[in-house]
>>> print(open('run_36.txt').read())   # compact mmCIF, C-alpha atoms
# COMPACT_ATOMS: atom_id res chain seq x y z
CA MET A 28 0.00 0.00 0.00
CA PRO A 29 1.56 3.35 -0.99
CA ALA A 30 1.83 5.19 2.31
CA GLU A 31 0.85 8.58 0.89
CA THR A 32 -2.66 7.38 0.10
CA ASP A 33 -3.36 6.07 3.57
CA LEU A 34 -5.29 8.84 5.32
CA LYS A 35 -5.28 7.11 8.68
CA ALA A 36 -1.54 6.65 8.55
CA VAL A 37 -0.79 10.17 7.32
CA LEU A 38 -2.86 11.78 10.03
CA GLY A 39 -1.46 9.50 12.71
CA GLY A 40 -4.88 8.05 13.32
CA TRP A 41 -8.16 9.88 13.02
CA PRO A 42 -9.43 11.43 15.14
CA PRO A 43 -6.04 12.27 16.71
CA ALA A 44 -5.46 10.63 20.08
CA VAL A 45 -5.84 13.22 22.86
CA LEU A 46 -4.30 11.27 25.73
CA ASP A 47 -1.18 10.00 23.99
CA PRO A 48 1.48 12.72 24.30
CA ALA A 49 4.43 12.59 21.91
CA GLY A 50 6.50 15.54 23.10
CA PRO A 51 7.39 17.70 26.11
CA TYR A 52 4.69 20.28 25.38
CA SER A 53 1.78 17.85 25.49
CA GLU A 54 2.96 15.67 28.39
CA PRO A 55 2.07 18.24 31.11
CA VAL A 56 -1.41 18.67 29.60
CA THR A 57 -2.04 14.92 29.66
CA LEU A 58 -0.61 14.59 33.20
CA LEU A 59 -2.87 17.39 34.43
CA SER A 60 -5.89 15.81 32.69
CA TRP A 61 -5.30 12.49 34.46
CA ALA A 62 -4.68 14.19 37.80
CA LEU A 63 -7.98 16.11 37.48
CA LEU A 64 -9.89 13.01 36.40
CA ILE A 65 -8.54 10.74 39.13
CA GLY A 66 -8.66 13.46 41.82
CA GLY A 67 -12.25 14.25 40.83
CA ALA A 68 -13.18 10.56 41.06
CA VAL A 69 -11.65 10.28 44.55
CA VAL A 70 -13.53 13.38 45.79
CA LEU A 71 -16.77 12.05 44.28
CA ALA A 72 -16.26 8.72 46.08
CA ILE A 73 -15.72 10.52 49.41
CA VAL A 74 -18.86 12.65 48.91
CA LEU A 75 -20.94 9.60 47.97
CA ALA A 76 -19.65 7.72 51.04
CA ALA A 77 -20.64 10.68 53.24
CA LEU A 78 -24.06 10.72 51.58
CA GLY A 79 -24.42 6.99 52.32
CA VAL A 80 -23.55 7.60 55.97
CA ALA A 81 -26.04 10.49 56.16
CA LEU A 82 -28.84 8.35 54.73
CA TRP A 83 -28.28 4.94 56.27
CA GLY A 84 -25.43 5.23 58.81
CA ALA A 85 -25.58 4.47 62.52
CA PRO A 86 -26.96 7.43 64.58
CA SER A 87 -23.57 8.06 66.23
CA LEU A 88 -21.81 8.29 62.82
CA ARG A 89 -24.52 10.58 61.46
CA LYS A 90 -24.11 12.84 64.45
CA ARG A 91 -20.36 13.14 63.87
CA LEU A 92 -20.88 13.83 60.18
CA GLY A 93 -23.21 16.73 61.01
CA GLY A 94 -20.93 18.13 63.72
CA ASP A 95 -18.87 21.34 63.54
CA LYS A 96 -15.57 19.49 63.23
CA ALA A 97 -16.66 17.56 60.11
CA ILE A 98 -17.93 20.75 58.45
CA TRP A 99 -14.69 22.66 59.17
CA ILE A 100 -12.44 19.86 57.98
CA GLY A 101 -14.44 18.44 55.06
CA GLY A 102 -16.21 21.61 53.95
CA VAL A 103 -13.54 24.29 54.38
CA ALA A 104 -10.02 23.00 55.08
CA PHE A 105 -10.04 20.11 52.57
CA PRO A 106 -11.25 22.12 49.52
CA VAL A 107 -9.00 25.08 50.32
CA VAL A 108 -5.89 22.90 50.62
CA VAL A 109 -6.68 20.69 47.60
CA LEU A 110 -7.65 23.54 45.26
CA THR A 111 -4.67 25.68 46.30
CA VAL A 112 -2.22 22.84 45.73
CA LEU A 113 -3.90 22.08 42.41
CA LEU A 114 -3.73 25.72 41.29
CA VAL A 115 -0.06 26.14 42.19
CA TRP A 116 0.92 22.78 40.72
CA GLY A 117 -1.16 23.36 37.54
CA LEU A 118 0.37 26.78 36.92
CA TRP A 119 3.87 25.46 37.57
CA LEU A 120 3.24 22.52 35.23
CA THR A 121 1.72 24.45 32.32
CA GLY A 122 3.33 27.88 32.72
CA ASP A 123 5.85 27.23 29.92
CA LEU A 124 3.35 25.98 27.36
CA ALA A 125 2.56 29.41 25.92
CA ALA A 126 5.75 30.90 24.52
CA LYS A 127 6.57 34.55 25.16
CA ALA A 128 9.31 35.26 22.61
CA PRO A 129 11.43 33.35 20.10
CA ARG A 130 14.64 31.87 21.45
CA PRO A 131 17.78 32.67 19.49
CA GLY A 132 18.20 30.27 16.57
CA GLU A 133 14.81 28.63 17.06
CA MET A 134 12.85 27.45 14.02
CA ARG A 135 9.84 29.72 13.44
CA VAL A 136 6.69 29.10 11.44
CA ARG A 137 3.64 31.31 11.05
CA VAL A 138 0.37 29.40 10.85
CA THR A 139 -2.66 31.46 9.89
CA GLY A 140 -6.18 30.16 10.38
CA GLU A 141 -8.37 30.74 7.33
CA MET A 142 -11.96 29.70 6.70
CA TRP A 143 -11.43 26.60 6.56
CA TRP A 144 -7.79 25.74 6.08
CA TRP A 145 -4.34 26.62 7.41
CA ARG A 146 -1.83 28.91 5.71
CA VAL A 147 1.68 27.81 6.65
CA SER A 148 4.60 30.20 6.23
CA TYR A 149 8.12 29.13 7.20
CA LEU A 150 10.13 32.09 8.56
CA ASP A 151 13.86 32.81 8.65
CA LYS A 152 15.68 33.76 11.84
CA ALA A 153 14.58 37.37 11.41
CA GLY A 154 10.93 36.40 11.04
CA ARG A 155 10.64 36.92 7.27
CA PRO A 156 8.66 34.37 5.24
CA VAL A 157 10.88 32.13 3.12
CA MET A 158 8.50 29.40 1.92
CA GLN A 159 4.80 28.78 1.74
CA ASP A 160 2.68 25.71 2.24
CA ALA A 161 -0.77 24.80 3.54
CA ASN A 162 -2.47 22.37 5.90
CA GLU A 163 0.79 20.60 6.72
CA LEU A 164 3.82 21.46 8.84
CA HIS A 165 7.22 19.77 8.60
CA VAL A 166 9.44 19.82 11.67
CA PRO A 167 12.64 18.12 12.84
CA ILE A 168 12.34 15.84 15.88
CA GLY A 169 13.91 16.66 19.22
CA GLU A 170 13.93 20.43 18.90
CA THR A 171 11.40 23.09 19.69
CA VAL A 172 9.55 24.89 16.93
CA LEU A 173 7.94 28.24 17.63
CA LEU A 174 4.56 28.73 15.99
CA GLU A 175 3.22 32.24 15.45
CA LEU A 176 -0.51 31.74 15.33
CA ASP A 177 -2.85 34.31 13.84
CA SER A 178 -6.09 34.43 11.89
CA ALA A 179 -7.20 36.00 8.64
CA ASP A 180 -10.91 36.05 9.45
CA VAL A 181 -12.59 34.58 12.53
CA ILE A 182 -11.27 32.88 15.67
CA HIS A 183 -9.79 29.45 15.03
CA SER A 184 -7.88 27.24 17.45
CA PHE A 185 -4.71 25.36 16.62
CA TRP A 186 -4.69 21.90 18.18
CA VAL A 187 -2.33 19.01 17.53
CA PRO A 188 -3.18 17.00 20.65
CA ARG A 189 -0.12 14.75 20.66
CA LEU A 190 2.28 17.71 20.44
CA ALA A 191 0.76 20.60 22.41
CA GLY A 192 -2.34 22.05 24.01
CA LYS A 193 -4.83 24.20 22.16
CA MET A 194 -4.04 27.81 21.30
CA ASP A 195 -6.58 30.23 19.88
CA MET A 196 -5.86 32.03 16.60
CA ILE A 197 -7.32 35.49 17.03
CA PRO A 198 -7.64 38.12 14.28
CA GLY A 199 -5.28 41.04 14.93
CA ARG A 200 -3.22 39.15 17.50
CA ARG A 201 -0.21 36.87 17.32
CA ASN A 202 -0.16 34.04 19.85
CA LEU A 203 3.03 32.05 20.30
CA LEU A 204 3.01 28.30 20.86
CA ARG A 205 5.91 25.88 21.10
CA ILE A 206 5.71 22.34 19.84
CA GLN A 207 8.19 19.50 19.81
CA ALA A 208 7.93 15.95 18.52
CA ASP A 209 10.21 13.31 20.03
CA GLN A 210 9.64 10.60 17.41
CA PRO A 211 9.42 10.79 13.61
CA GLY A 212 5.89 10.36 12.34
CA THR A 213 2.77 12.22 11.39
CA TYR A 214 0.55 13.87 13.97
CA GLY A 215 -3.02 14.83 13.21
CA GLY A 216 -4.53 18.17 14.21
CA GLN A 217 -7.94 19.77 14.11
CA CYS A 218 -9.39 23.27 14.43
CA ALA A 219 -10.73 23.39 17.98
CA GLU A 220 -12.82 26.56 17.89
CA TYR A 221 -16.06 26.62 15.92
CA CYS A 222 -15.35 28.84 12.91
CA GLY A 223 -18.35 28.38 10.62
CA GLY A 224 -19.89 25.69 8.40
CA PRO A 225 -17.02 23.34 7.49
CA HIS A 226 -15.21 23.82 10.85
CA ALA A 227 -15.28 20.08 11.51
CA LEU A 228 -13.54 19.53 8.16
CA MET A 229 -10.53 21.71 9.04
CA GLY A 230 -7.77 19.22 9.75
CA PHE A 231 -4.02 19.57 9.89
CA ALA A 232 -0.96 17.33 9.81
CA VAL A 233 2.46 17.78 11.42
CA VAL A 234 5.16 15.67 9.79
CA ALA A 235 8.14 15.09 12.09
CA HIS A 236 11.41 14.11 10.39
CA THR A 237 14.75 12.89 11.70
CA PRO A 238 17.26 15.78 11.58
CA GLU A 239 18.92 14.46 8.37
CA SER A 240 15.63 13.85 6.63
CA PHE A 241 14.42 17.32 7.66
CA LYS A 242 17.59 18.92 6.31
CA ARG A 243 17.04 17.18 2.97
CA TRP A 244 13.38 18.21 2.89
CA ARG A 245 14.20 21.83 3.68
CA ALA A 246 17.01 22.01 1.12
CA GLY A 247 14.67 20.57 -1.51
CA ARG A 248 12.04 23.17 -0.74
CA LEU A 249 14.45 26.11 -0.68
CA ALA A 250 16.33 25.14 -3.86
CA PRO A 251 15.51 27.45 -6.78
CA ARG A 252 12.81 25.73 -8.80
CA PRO A 253 12.94 25.52 -12.55
CA ALA A 254 9.63 26.61 -14.06
CA PRO A 255 7.43 23.52 -14.52
CA PRO A 256 7.49 22.45 -18.19
CA PRO A 257 4.42 23.72 -20.05
CA SER A 258 1.68 21.11 -20.13
CA ARG A 259 -2.00 20.80 -20.98
CA GLY A 260 -2.83 20.80 -17.29
CA GLN A 261 -0.82 23.94 -16.64
CA GLU A 262 -2.45 25.72 -19.57
CA LEU A 263 -5.90 24.79 -18.22
CA PHE A 264 -4.91 25.91 -14.74
CA LEU A 265 -3.79 29.31 -16.00
CA THR A 266 -6.76 29.90 -18.28
CA SER A 267 -9.66 28.58 -16.18
CA GLY A 268 -9.49 31.00 -13.28
CA CYS A 269 -7.53 28.82 -10.82
CA ALA A 270 -4.66 31.32 -10.78
CA ALA A 271 -6.91 34.04 -9.35
CA CYS A 272 -6.76 32.34 -5.95
CA HIS A 273 -3.79 29.98 -6.08
CA THR A 274 -0.04 30.46 -6.44
CA ILE A 275 2.27 28.03 -8.24
CA ALA A 276 5.85 29.29 -8.02
CA GLY A 277 7.50 29.73 -11.42
CA THR A 278 4.21 30.33 -13.26
CA GLU A 279 1.85 33.23 -13.80
CA ALA A 280 -0.36 31.86 -11.04
CA ARG A 281 0.03 34.28 -8.13
CA GLY A 282 -3.33 34.30 -6.38
CA LEU A 283 -3.23 34.60 -2.62
CA ALA A 284 -6.79 33.89 -1.50
CA GLY A 285 -6.44 30.10 -1.46
CA PRO A 286 -3.72 27.62 -0.51
CA ASP A 287 -0.34 27.86 -2.27
CA LEU A 288 -0.19 24.90 -4.68
CA THR A 289 3.54 24.97 -5.49
CA HIS A 290 4.01 21.65 -3.66
CA VAL A 291 0.43 20.39 -3.62
CA GLY A 292 1.42 17.00 -5.07
CA SER A 293 3.58 16.20 -2.05
CA ARG A 294 0.95 16.99 0.57
CA ARG A 295 -0.48 14.14 2.62
CA THR A 296 -4.05 15.31 2.40
CA LEU A 297 -6.49 17.32 0.33
CA GLY A 298 -9.17 19.77 1.44
CA ALA A 299 -7.36 20.44 4.77
CA GLY A 300 -6.91 16.98 6.21
CA ILE A 301 -10.12 15.43 4.95
CA LEU A 302 -9.15 13.33 1.92
CA PRO A 303 -6.11 11.33 0.84
CA ASN A 304 -4.19 13.10 -1.91
CA ASN A 305 -4.20 11.28 -5.26
CA ARG A 306 -5.25 11.98 -8.84
CA GLY A 307 -8.76 10.71 -8.16
CA THR A 308 -9.43 12.88 -5.12
CA LEU A 309 -7.81 15.86 -6.89
CA ALA A 310 -10.20 15.48 -9.82
CA GLY A 311 -13.16 15.04 -7.49
CA TRP A 312 -12.15 18.11 -5.48
CA ILE A 313 -11.76 20.33 -8.55
CA ALA A 314 -15.11 19.34 -10.04
CA ASP A 315 -17.16 19.13 -6.88
CA SER A 316 -15.50 20.52 -3.74
CA GLN A 317 -18.85 21.90 -2.57
CA THR A 318 -20.25 18.41 -2.06
CA LEU A 319 -17.08 17.19 -0.35
CA LYS A 320 -16.72 20.20 1.97
CA PRO A 321 -19.97 22.16 1.80
CA GLY A 322 -19.53 25.92 2.11
CA ASN A 323 -15.78 26.02 1.44
CA ARG A 324 -14.55 29.04 -0.52
CA MET A 325 -13.70 27.18 -3.75
CA PRO A 326 -16.52 27.02 -6.31
CA ASN A 327 -17.28 23.82 -8.20
CA TYR A 328 -15.61 23.55 -11.62
CA LYS A 329 -18.02 21.34 -13.49
CA GLN A 330 -17.24 22.70 -16.94
CA PHE A 331 -14.24 20.45 -17.57
CA THR A 332 -14.34 17.42 -19.84
CA ALA A 333 -12.95 14.11 -18.59
CA GLU A 334 -9.75 14.73 -20.52
CA GLU A 335 -9.35 18.25 -19.07
CA LEU A 336 -10.07 17.14 -15.52
CA ASN A 337 -7.45 14.41 -15.81
CA ALA A 338 -4.88 16.80 -17.31
CA LEU A 339 -5.40 19.17 -14.35
CA ALA A 340 -5.22 16.37 -11.78
CA ASP A 341 -2.04 15.03 -13.43
CA TYR A 342 -0.46 18.49 -13.40
CA LEU A 343 -1.28 19.15 -9.74
CA ALA A 344 -0.26 15.65 -8.61
CA GLY A 345 3.09 16.26 -10.31
CA LEU A 346 3.82 19.45 -8.32
CA LYS A 347 6.00 17.84 -5.69
CA MET B 3 -60.36 -31.20 -4.44
CA ASP B 4 -57.92 -31.36 -7.35
CA ASP B 5 -57.93 -27.56 -7.65
CA ARG B 6 -57.06 -27.12 -4.01
CA ARG B 7 -54.21 -29.61 -4.31
CA THR B 8 -52.83 -27.76 -7.33
CA GLY B 9 -53.07 -24.48 -5.39
CA VAL B 10 -51.06 -25.88 -2.48
CA LEU B 11 -48.47 -27.25 -4.90
CA PHE B 12 -48.13 -23.84 -6.59
CA ALA B 13 -47.75 -22.07 -3.23
CA LEU B 14 -45.07 -24.58 -2.23
CA MET B 15 -43.17 -24.12 -5.49
CA ALA B 16 -43.40 -20.35 -5.25
CA THR B 17 -41.97 -20.45 -1.72
CA LEU B 18 -39.10 -22.66 -2.85
CA LEU B 19 -38.35 -20.34 -5.78
CA LEU B 20 -38.33 -17.25 -3.52
CA ALA B 21 -36.04 -19.02 -1.07
CA ALA B 22 -33.70 -19.83 -3.95
CA CYS B 23 -33.68 -16.15 -5.04
CA GLU B 24 -32.65 -15.04 -1.58
CA ASP B 25 -29.73 -17.46 -1.56
CA ILE B 26 -28.44 -16.00 -4.81
CA ALA B 27 -28.71 -12.43 -3.53
CA VAL B 28 -26.67 -13.17 -0.41
CA ALA B 29 -23.61 -14.72 -2.03
CA PRO B 30 -23.47 -13.79 -5.71
CA HIS B 31 -19.74 -14.09 -6.27
CA GLU B 32 -18.44 -16.19 -3.44
CA ALA B 33 -16.60 -13.13 -2.12
CA ASN B 34 -15.31 -13.87 1.34
CA GLU B 35 -16.02 -11.69 4.34
CA ALA B 36 -12.39 -10.73 4.93
CA SER B 37 -12.02 -9.48 1.37
CA ILE B 38 -15.22 -7.44 1.65
CA THR B 39 -14.08 -5.90 4.94
CA ARG B 40 -10.66 -5.05 3.48
CA GLY B 41 -12.37 -3.66 0.39
CA LYS B 42 -14.49 -1.30 2.44
CA ALA B 43 -11.42 -0.07 4.32
CA ALA B 44 -9.52 0.43 1.04
CA THR B 45 -12.47 2.32 -0.45
CA GLN B 46 -12.39 4.71 2.49
CA ARG B 47 -8.59 4.97 2.57
CA LEU B 48 -8.21 5.78 -1.12
CA GLY B 49 -10.89 8.46 -1.03
CA CYS B 50 -13.21 6.87 -3.63
CA GLY B 51 -15.99 8.95 -2.04
CA ALA B 52 -14.44 12.10 -3.53
CA CYS B 53 -16.24 11.22 -6.77
CA HIS B 54 -18.70 8.42 -5.96
CA ALA B 55 -21.63 8.06 -3.61
CA ILE B 56 -21.06 4.63 -2.04
CA PRO B 57 -23.18 3.35 0.86
CA ASP B 58 -21.41 3.72 4.23
CA ILE B 59 -18.48 5.63 2.71
CA TRP B 60 -17.70 9.33 3.34
CA PRO B 61 -17.86 11.66 1.45
CA GLN B 62 -20.59 11.15 -1.14
CA GLY B 63 -19.10 12.77 -4.25
CA THR B 64 -21.12 13.47 -7.37
CA THR B 65 -18.44 13.77 -10.08
CA GLY B 66 -18.65 10.08 -10.96
CA PRO B 67 -21.71 7.81 -10.92
CA ALA B 68 -23.30 6.73 -7.62
CA LEU B 69 -22.34 3.12 -6.88
CA THR B 70 -25.45 2.09 -4.95
CA ASN B 71 -26.83 -1.33 -5.95
CA PHE B 72 -23.63 -1.79 -7.88
CA ALA B 73 -24.00 -5.57 -8.22
CA ASP B 74 -27.15 -4.97 -10.29
CA ARG B 75 -25.39 -2.71 -12.83
CA GLY B 76 -25.04 -4.02 -16.33
CA LEU B 77 -21.81 -2.35 -17.40
CA ILE B 78 -18.69 -0.84 -15.88
CA ALA B 79 -18.03 2.68 -17.23
CA GLY B 80 -20.63 1.90 -19.90
CA LYS B 81 -18.20 -0.48 -21.58
CA LEU B 82 -17.22 -3.63 -19.66
CA PRO B 83 -19.39 -6.45 -18.35
CA ASN B 84 -19.90 -5.96 -14.63
CA ARG B 85 -18.05 -8.95 -13.18
CA PRO B 86 -15.60 -8.78 -10.24
CA GLY B 87 -12.60 -9.74 -12.40
CA GLU B 88 -13.29 -7.05 -14.99
CA LEU B 89 -14.05 -4.56 -12.22
CA ALA B 90 -10.74 -5.24 -10.45
CA ALA B 91 -8.83 -4.81 -13.72
CA TYR B 92 -10.66 -1.54 -14.40
CA LEU B 93 -9.96 -0.19 -10.89
CA LEU B 94 -6.23 -0.89 -11.25
CA ASP B 95 -5.90 1.18 -14.41
CA PRO B 96 -9.13 2.76 -15.65
CA PRO B 97 -7.76 4.72 -18.67
CA ALA B 98 -5.95 1.63 -19.99
CA THR B 99 -9.08 -0.52 -19.68
CA VAL B 100 -11.66 1.99 -20.88
CA PRO B 101 -9.88 4.71 -22.92
CA GLY B 102 -11.45 8.13 -22.47
CA THR B 103 -12.90 7.42 -19.03
CA ALA B 104 -12.82 10.31 -16.58
CA MET B 105 -11.55 8.05 -13.81
CA PRO B 106 -7.80 8.46 -13.37
CA LYS B 107 -5.35 5.76 -12.38
CA ILE B 108 -5.23 5.72 -8.58
CA PRO B 109 -2.26 4.13 -6.81
CA MET B 110 -3.44 0.79 -5.39
CA THR B 111 -2.30 -2.83 -5.21
CA GLN B 112 -3.93 -5.76 -7.06
CA GLN B 113 -5.16 -6.93 -3.67
CA ASP B 114 -6.85 -3.56 -3.09
CA ALA B 115 -8.55 -3.74 -6.50
CA ALA B 116 -9.85 -7.28 -5.90
CA ASP B 117 -11.05 -6.35 -2.41
CA ILE B 118 -12.82 -3.19 -3.59
CA ALA B 119 -14.51 -5.20 -6.35
CA ALA B 120 -15.68 -7.71 -3.73
CA PHE B 121 -16.94 -4.87 -1.52
CA LEU B 122 -18.86 -3.18 -4.34
CA HIS B 123 -20.43 -6.48 -5.40
CA HIS B 124 -21.41 -7.40 -1.87
CA SER B 125 -25.05 -7.03 -0.93
CA ASP B 126 -24.14 -4.74 1.99
CA ALA B 127 -22.86 -2.12 -0.44
CA ARG B 128 -26.40 -1.20 -1.52
>>> encode(input="run_36.txt", output="structure tokens")
Amino acid sequence: MPAETDLKAVLGGWPPAVLDPAGPYSEPVTLLSWALLIGGAVVLAIVLAALGVALWGAPSLRKRLGGDKAIWIGGVAFPVVVLTVLLVWGLWLTGDLAAKAPRPGEMRVRVTGEMWWWRVSYLDKAGRPVMQDANELHVPIGETVLLELDSADVIHSFWVPRLAGKMDMIPGRRNLLRIQADQPGTYGGQCAEYCGGPHALMGFAVVAHTPESFKRWRAGRLAPRPAPPPSRGQELFLTSGCAACHTIAGTEARGLAGPDLTHVGSRRTLGAGILPNNRGTLAGWIADSQTLKPGNRMPNYKQFTAEELNALADYLAGLK
Amino acid sequence: MDDRRTGVLFALMATLLLAACEDIAVAPHEANEASITRGKAATQRLGCGACHAIPDIWPQGTTGPALTNFADRGLIAGKLPNRPGELAAYLLDPPATVPGTAMPKIPMTQQDAADIAAFLHHSDAR
């Protein structure tokens, strides 16, 4: 089975596991979740036991339960101590999850929430964009990556559960979030703040490489690209209106409203994490994206003949 | 008396015939359960729903024909007889099998193609 067509594999399982941390920025969140769940269960058991005593207990026990001492200890001292410890411990545990400023030399990527996809812009050390992608983020394992999260329209929330907690993407603001993956692999993500119709179909994938593999990937992306050889698919792309919204580096297509398609053929998914990426799904998306992801900003292109649709799908699948 | 006996005989024969029909509908192509299950998973994994409405598969695309009641179809892509072998060959390389078809070649193994054919021909895929 060619791995790139396996949606489950490329997204690291769908829906992404929320209690299976894969890096230092999601471990504290998972630990805190378990502590709250187990602590809550213990407190519930104590309260239910007290209720049992109050209803059916021996008269002497019931008297002690209703006495001043029990109220002061169980009703005041216990909650104050437990909640204070929990607050201090929780803040200590999660205080570093939201980043305040880039560290020197740290990899930086700007991820912008759009209705209903993710614009991904890799930045240089000075914070200038150097390459564009969409719906997919490539990172090296074992080092932190600083994400600058913002939004182009409404509030979205960036959430890759195995790598970090949620962070809202707010128009006019830039929130900083650190992620780190400890093992190579693909980690699924999902918009976690309702952002309109196709919100549930706004998925994301983080691809974590070994350092050598990441270096190769980055060099390949940054290398100057020869213009793609003219083809029937390219001609159709440029003359059918696609270029008004999409950019393909090295061609006349310089639209900015939709995802950059320079490397669309190498993406794991189509339609922001909802479909595997192959010639068939590309053709289906071009002709009929409104059925696949109702309300998305791309209109249906039903005017193409079979031959034209295949030429376009071939062209896009070849943009690695 | 004779008439009544004939009536009972007819009713009996009709029941037997109906029972026989049901047998045929349940196992038309001796596809085994494992293959059908794998075929359903492959159909989902490869994103066939991007163009086809297939029962139990998301999404329900409209670019290609709906594949409900597929086992009852006469022809594949309007050209080939609808048998699992022909279907598997078509799925592996549609343009080579039916030139001019809109369906592109989608990367899959022979096993995938055979399993998807079994799934589409199975009575559950209605």
>>> closest_residue(input="run_36.txt", among="A:Met196, A:Leu346, A:Ile301, A:Ala126", to="chain B", atoms="all atoms listed in the file")
A:Ile301
>>> closest_residue(input="run_36.txt", among="A:Pro188, A:Pro321, A:Gly169, A:Gly67", to="chain B", atoms="only C-alpha atoms")
A:Pro321
>>> residues_around(input="run_36.txt", residues="region 232-236 of chain A", least_positions_apart="6", cutoff="9 Å", atoms="only C-alpha atoms", output="PDB file with C-alpha atoms, keeping the file's coordinate frame")
ATOM      1  CA  VAL A  37      -0.790  10.170   7.320  1.00  0.00           C
ATOM      2  CA  LEU A  38      -2.860  11.780  10.030  1.00  0.00           C
ATOM      3  CA  GLY A  39      -1.460   9.500  12.710  1.00  0.00           C
ATOM      4  CA  ASN A 162      -2.470  22.370   5.900  1.00  0.00           C
ATOM      5  CA  GLU A 163       0.790  20.600   6.720  1.00  0.00           C
ATOM      6  CA  LEU A 164       3.820  21.460   8.840  1.00  0.00           C
ATOM      7  CA  HIS A 165       7.220  19.770   8.600  1.00  0.00           C
ATOM      8  CA  VAL A 166       9.440  19.820  11.670  1.00  0.00           C
ATOM      9  CA  PRO A 167      12.640  18.120  12.840  1.00  0.00           C
ATOM     10  CA  ILE A 168      12.340  15.840  15.880  1.00  0.00           C
ATOM     11  CA  VAL A 187      -2.330  19.010  17.530  1.00  0.00           C
ATOM     12  CA  GLN A 207       8.190  19.500  19.810  1.00  0.00           C
ATOM     13  CA  ALA A 208       7.930  15.950  18.520  1.00  0.00           C
ATOM     14  CA  ASP A 209      10.210  13.310  20.030  1.00  0.00           C
ATOM     15  CA  GLN A 210       9.640  10.600  17.410  1.00  0.00           C
ATOM     16  CA  PRO A 211       9.420  10.790  13.610  1.00  0.00           C
ATOM     17  CA  GLY A 212       5.890  10.360  12.340  1.00  0.00           C
ATOM     18  CA  THR A 213       2.770  12.220  11.390  1.00  0.00           C
ATOM     19  CA  TYR A 214       0.550  13.870  13.970  1.00  0.00           C
ATOM     20  CA  GLY A 215      -3.020  14.830  13.210  1.00  0.00           C
ATOM     21  CA  GLY A 216      -4.530  18.170  14.210  1.00  0.00           C
ATOM     22  CA  GLN A 217      -7.940  19.770  14.110  1.00  0.00           C
ATOM     23  CA  LYS A 242      17.590  18.920   6.310  1.00  0.00           C
ATOM     24  CA  TRP A 244      13.380  18.210   2.890  1.00  0.00           C
ATOM     25  CA  ARG A 295      -0.480  14.140   2.620  1.00  0.00           C
ATOM     26  CA  THR A 296      -4.050  15.310   2.400  1.00  0.00           C
ATOM     27  CA  ALA A 299      -7.360  20.440   4.770  1.00  0.00           C
ATOM     28  CA  GLY A 300      -6.910  16.980   6.210  1.00  0.00           C
TER      29      GLY A 300
END
>>> closest_atom_pairs(input="run_36.txt", of="chain B", to="chain A", cutoff="9 Å", atoms="all atoms listed in the file", output="JSON lines")
{"residue": "B:Ala44", "atom": "CA", "partner": "A:Asp33", "partner_atom": "CA", "distance": 8.7}
{"residue": "B:Gln46", "atom": "CA", "partner": "A:Leu34", "partner_atom": "CA", "distance": 8.7}
{"residue": "B:Arg47", "atom": "CA", "partner": "A:Asp33", "partner_atom": "CA", "distance": 5.4}
{"residue": "B:Leu48", "atom": "CA", "partner": "A:Thr32", "partner_atom": "CA", "distance": 5.9}
{"residue": "B:Gly49", "atom": "CA", "partner": "A:Pro303", "partner_atom": "CA", "distance": 5.9}
{"residue": "B:Cys50", "atom": "CA", "partner": "A:Thr308", "partner_atom": "CA", "distance": 7.3}
{"residue": "B:Gly51", "atom": "CA", "partner": "A:Thr308", "partner_atom": "CA", "distance": 8.2}
{"residue": "B:Ala52", "atom": "CA", "partner": "A:Gly311", "partner_atom": "CA", "distance": 5.1}
{"residue": "B:Cys53", "atom": "CA", "partner": "A:Gly311", "partner_atom": "CA", "distance": 5.0}
{"residue": "B:His54", "atom": "CA", "partner": "A:Gly311", "partner_atom": "CA", "distance": 8.8}
{"residue": "B:Trp60", "atom": "CA", "partner": "A:Leu319", "partner_atom": "CA", "distance": 8.7}
{"residue": "B:Pro61", "atom": "CA", "partner": "A:Leu319", "partner_atom": "CA", "distance": 5.9}
{"residue": "B:Gln62", "atom": "CA", "partner": "A:Leu319", "partner_atom": "CA", "distance": 7.0}
{"residue": "B:Gly63", "atom": "CA", "partner": "A:Thr318", "partner_atom": "CA", "distance": 6.2}
{"residue": "B:Thr64", "atom": "CA", "partner": "A:Asp315", "partner_atom": "CA", "distance": 6.9}
{"residue": "B:Thr65", "atom": "CA", "partner": "A:Gly311", "partner_atom": "CA", "distance": 6.0}
{"residue": "B:Gly66", "atom": "CA", "partner": "A:Gly311", "partner_atom": "CA", "distance": 8.2}
{"residue": "B:Gly102", "atom": "CA", "partner": "A:Glu334", "partner_atom": "CA", "distance": 7.1}
{"residue": "B:Thr103", "atom": "CA", "partner": "A:Ala333", "partner_atom": "CA", "distance": 6.7}
{"residue": "B:Ala104", "atom": "CA", "partner": "A:Ala333", "partner_atom": "CA", "distance": 4.3}
{"residue": "B:Met105", "atom": "CA", "partner": "A:Gly307", "partner_atom": "CA", "distance": 6.8}
{"residue": "B:Pro106", "atom": "CA", "partner": "A:Gly307", "partner_atom": "CA", "distance": 5.8}
{"residue": "B:Lys107", "atom": "CA", "partner": "A:Arg306", "partner_atom": "CA", "distance": 7.2}
{"residue": "B:Ile108", "atom": "CA", "partner": "A:Gly307", "partner_atom": "CA", "distance": 6.1}
{"residue": "B:Pro109", "atom": "CA", "partner": "A:Pro29", "partner_atom": "CA", "distance": 7.0}
{"residue": "B:Met110", "atom": "CA", "partner": "A:Met28", "partner_atom": "CA", "distance": 6.4}
{"residue": "B:Thr111", "atom": "CA", "partner": "A:Met28", "partner_atom": "CA", "distance": 6.4}
{"residue": "B:Asp114", "atom": "CA", "partner": "A:Met28", "partner_atom": "CA", "distance": 8.3}
